[in-house]
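Colleague: Before anything else, here's the structure in question.
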Number of protein chains: 2
Amino acid sequence: MTSQFPSTDDVILGPGDDAAVVAAPDGRTVATTDLLVEGRHFRREWSTARDVGHRAVAQNYADVVAMGARPTGLLIGFAAPADLPLAWAEEFTAGVREECALAGGAVVGGDMVGSDTLTIAVTALGDLEGRAPVRRDGARAGDVVAYTGHLGLSAAGLALLERGVDGPADCLSEHRRPSPPYAAGPEAAVLGATAMLDISDGLVQDLGHICRASGVRVDLESDALRPEPALLEAVRVLGAPAGNAVAAARRLMAVGGEDHALAAVFPPETGLPEHWHAVGVVAEAPRGSEEVPEHPVTLDGDVVERGGWDHFRRE
Amino acid sequence: MTSQFPSTDDVILGPGDDAAVVAAPDGRTVATTDLLVEGRHFRREWSTARDVGHRAVAQNYADVVAMGARPTGLLIGFAAPADLPLAWAEEFTAGVREECALAGGAVVGGDMVGSDTLTIAVTALGDLEGRAPVRRDGARAGDVVAYTGHLGLSAAGLALLERGVDGPADCLSEHRRPSPPYAAGPEAAVLGATAMLDISDGLVQDLGHICRASGVRVDLESDALRPEPALLEAVRVLGAPAGNAVAAARRLMAVGGEDHALAAVFPPETGLPEHWHAVGVVAEAPRGSEEVPEHPVTLDGDVVERGGWDHFRRE
């Protein structure tokens with residue numbers, strides 16, 4: 001499988017030996033790993049093999065860029081049942097190759113084994129280019145909270161698939177192949193972001209990690225959550241009452257996961273590029289960093305309950 | 001799970017953020033990945049959880065040291081059925097921790113997910129300490145072939161387990177917890193090894209990779225394969241005819257896999273430390289490097305057929 005991947009300048013020794021050798025120009029390597037299990041993280045009836053290849057790369061490299069790093073290399077473990085069609089593996093490989101071309105890193109190693117459960121293990125490496133990693137614990141009261149990338153589209157896409165109804169292609173494709181804003185991770189680091197993460201569980205949920213790590217709370221402004229047209233259309237298809245589509249879409253933007261957008265916190269004086277959308281502010285935790293509230297992220301001052309598309313179920 | 005692992009000087013940022021940051025002092029990182037699937041790579045009835053933890057680390061760090069590198073960091077993906085006893089995961093973690101203490105690298109990241117099939121994905125990182133990686137393609141005619149570590153014990157242990165008979169503890173434990181000679185990898189690099197690899201499929205089989213990559217062949221001397229006492233005892237228990245135990249043991253040393261010993265090729269003038277056992281020589285491929293024979297590794301001039309313990313089956 002690995003022979004089908006192009007190399008890059010970061011690959012000092014590619015697949016085929018006991019191990020690969022990847023450039024780590026500033027003397028540090030960023031590393032993260034994720035498992036994708038069929039039936040839990042993807043379904044062969046909802047996603048093509050190519051989609052799964054894209055997604056396996058995207059969700060790992062999203063974690064790399066969320067540290068402010070540039071993707072350099074990927075290792076892929078592939079455990080597959082004996083009856084997996086060869087074409088599935090080939091299409092998966094094509095998806096990996098395409099997403100690597102977008103993100104900029106190369107496949108440097110892998111392992112293929114048999115298993116009753118189709119499982120994909122990805123480890124992604126990255127280069128901090130001399131900068132400090134952007135962690136979760138640097139947010140300070142007064143900082144601005146912003147995001148870039150799509151929000152809510154993947155959750156809407158999943159809801160459409162679960163209900164078996166057709167809807168906006170952008171939502172379905174974002175669920176199948178999230179499109180992390182790769183370049184924005186290093187960009188945020190250069191801009192001086194004090195904290196950053198990849199949004200995999202939802203904006204509110206994931207900002208909670210920053211709050212707990214930094215000892216702060218965050219208040220989001222719903223007016224600043226501006227739904228994309230595809231998301232508005234999706235919530236209408238999903239049954240949001242007329243006149244309530246914007247509120248319903250904002251709810252998905254606040255709690256919907258898996259778009260792999262980036263959320264970052266910047267000092268208030270930072271001049272943010274247009275594609276970074278300021279959506280809230282960091283505030284002191286009630287009694288200092290020792291006491292982060294149970295729901296540290298609020299929307300217009302209110303606690304946001306979990307559960308995204310349940311809201312729209314017709315059952 | 002990751003909070004239970006001690007850190008080391010190589011860990012710049014440990015588990016808990018989007019990704020870890022690991023030291024790569026000379027500007028390069030060695031990286032390799034392996035999957036272990038229950039029922040294929042281990043059996044819960046034959047190996048304890050602690051054994052599996054040891055083995056998951058050992059087989060990956062063996063690949064790192066086989067490049068001549070020093071282990072620095074490990075990422076572990078853990079996919080488990082909902083009914084996996086918590087104690088199993090805890091014991092697995094203890095085994096990982098213990099093997100990391102032996103090998104010298106830290107656990108820097110991981111992922112835990114549900115799956116019907118217990119699956120462990122390990123990625124290991126290493127530091128070349130300024131040396132060139134020892135690849136598979138550097139062997140030259142006249143070089144000496146040597147190994148260090150155990151050979152044949154794991155295969156004998158597996159044969160004992162498969163036949164449900166008791167036998168030497170060293171063979172059973174080597175199958176359950178291979179003990180790669182970690183320090184010998186960087187040592188071989190310093191000694192000037194021209195090629196090296198981790199023996200996972202058997203000495204003959206794996207030296208074949210060096211032959212094909214280097215365009216050479218290798219002849220092993222059976223007299224140089226000196227079986228350990230535990231291996232001799234095991235082949236007797238497995239039914240090797242009296243007077244034939246040494247030959248049977250040498251066969252397991254030649255074809256038995258999974259001990260994760262190291263095989264390396266050195267220039268003929270190299271002064272080898274005692275624990276490196278010279279077992280053969282590198283020769284030209286018949287018509288130069290373009291034509292490596294189908295069986296490039298011979299034993300006393302003869303082709304060695306695959307299949308280890310089958311030889312001893314009583315069926």
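Chain labels follow the order of the structure tokens: the first chain is A, the next B, and so on; residue numbering restarts at 1 in every chain, and ligands are counted from 1 in their shown order.
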Which chain B residues are at most 6 Å from chain A (counting only C-alpha atoms), as a PyMOL selection string?
Modeller: chain B and resi 18-25+27-34+63+110-111
Colleague: Leaving out B:Leu231 and any residue of its chain fewer than 6 positions from it, which residues lie within 7 Å of it when counting only C-alpha atoms, given as a list of chain:residue names?
Modeller: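 My list of contacting residues is B:Gly152, B:Leu153, B:Ala156, B:Cys171, B:Ala249.
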Colleague: I need the chosen residues saved as a PDB file, in the first residue's frame, with C-alpha atoms.
Modeller:
ATOM      1  CA  GLY B 152      14.211 -19.771  18.215  1.00  0.00           C
ATOM      2  CA  LEU B 153      12.897 -19.440  21.764  1.00  0.00           C
ATOM      3  CA  ALA B 156       9.530 -23.056  20.488  1.00  0.00           C
ATOM      4  CA  CYS B 171      10.734 -20.292  25.684  1.00  0.00           C
ATOM      5  CA  ALA B 249      17.099 -26.384  17.544  1.00  0.00           C
TER       6      ALA B 249
END
Colleague: When you look at A:Thr298 with a cut-off of 10 Å (counting only C-alpha atoms), what residues show up, excluding the ones that are within fewer than 6 positions of it in the same chain? I need them as a list of chain:residue names.
Modeller: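 Non-adjacent residues within range: A:Val204, A:Gly208, A:Arg217, A:Val218, A:Asp219, A:Leu220, A:Glu221, A:Ser222, A:Ala254, A:Gly280, A:Val304, A:Glu305.
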Colleague: Would you kindly return, as a VMD selection string, each protein, DNA or RNA residue with an atom no farther than 8 Å from any atom of B:Phe5, considering only C-alpha atoms and excluding same-chain residues fewer than 5 positions away?
Modeller: chain B and resid 97 106 to 107
Colleague: Write the residues of the preceding selection, restricted to N, CA and C atoms, as a PDB file, in the first residue's frame.
Modeller:
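Writing the result to result.pdb gives the following:
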ATOM      1  N   ARG B  97       4.191   0.156  30.587  1.00  0.00           N
ATOM      2  CA  ARG B  97       5.036   0.993  31.436  1.00  0.00           C
ATOM      3  C   ARG B  97       6.360   0.288  31.748  1.00  0.00           C
ATOM      4  N   ALA B 106       9.141   7.033  26.388  1.00  0.00           N
ATOM      5  CA  ALA B 106       7.938   7.346  27.167  1.00  0.00           C
ATOM      6  C   ALA B 106       6.675   7.210  26.317  1.00  0.00           C
ATOM      7  N   VAL B 107       5.548   6.987  26.970  1.00  0.00           N
ATOM      8  CA  VAL B 107       4.260   7.050  26.276  1.00  0.00           C
ATOM      9  C   VAL B 107       3.845   8.510  26.218  1.00  0.00           C
TER      10      VAL B 107
END
Colleague: Name the residues of stretch 73-307 of chain A that fall into strand (DSSP E or B) according to DSSP on the backbone, using the chain letters and numbers of this document, as an MDAnalysis selection string.
Modeller: chainID A and resid 73:80 106:114 119:127 144:148 195:199 216:220 261:266 277:284 286 288 297:299 302:303
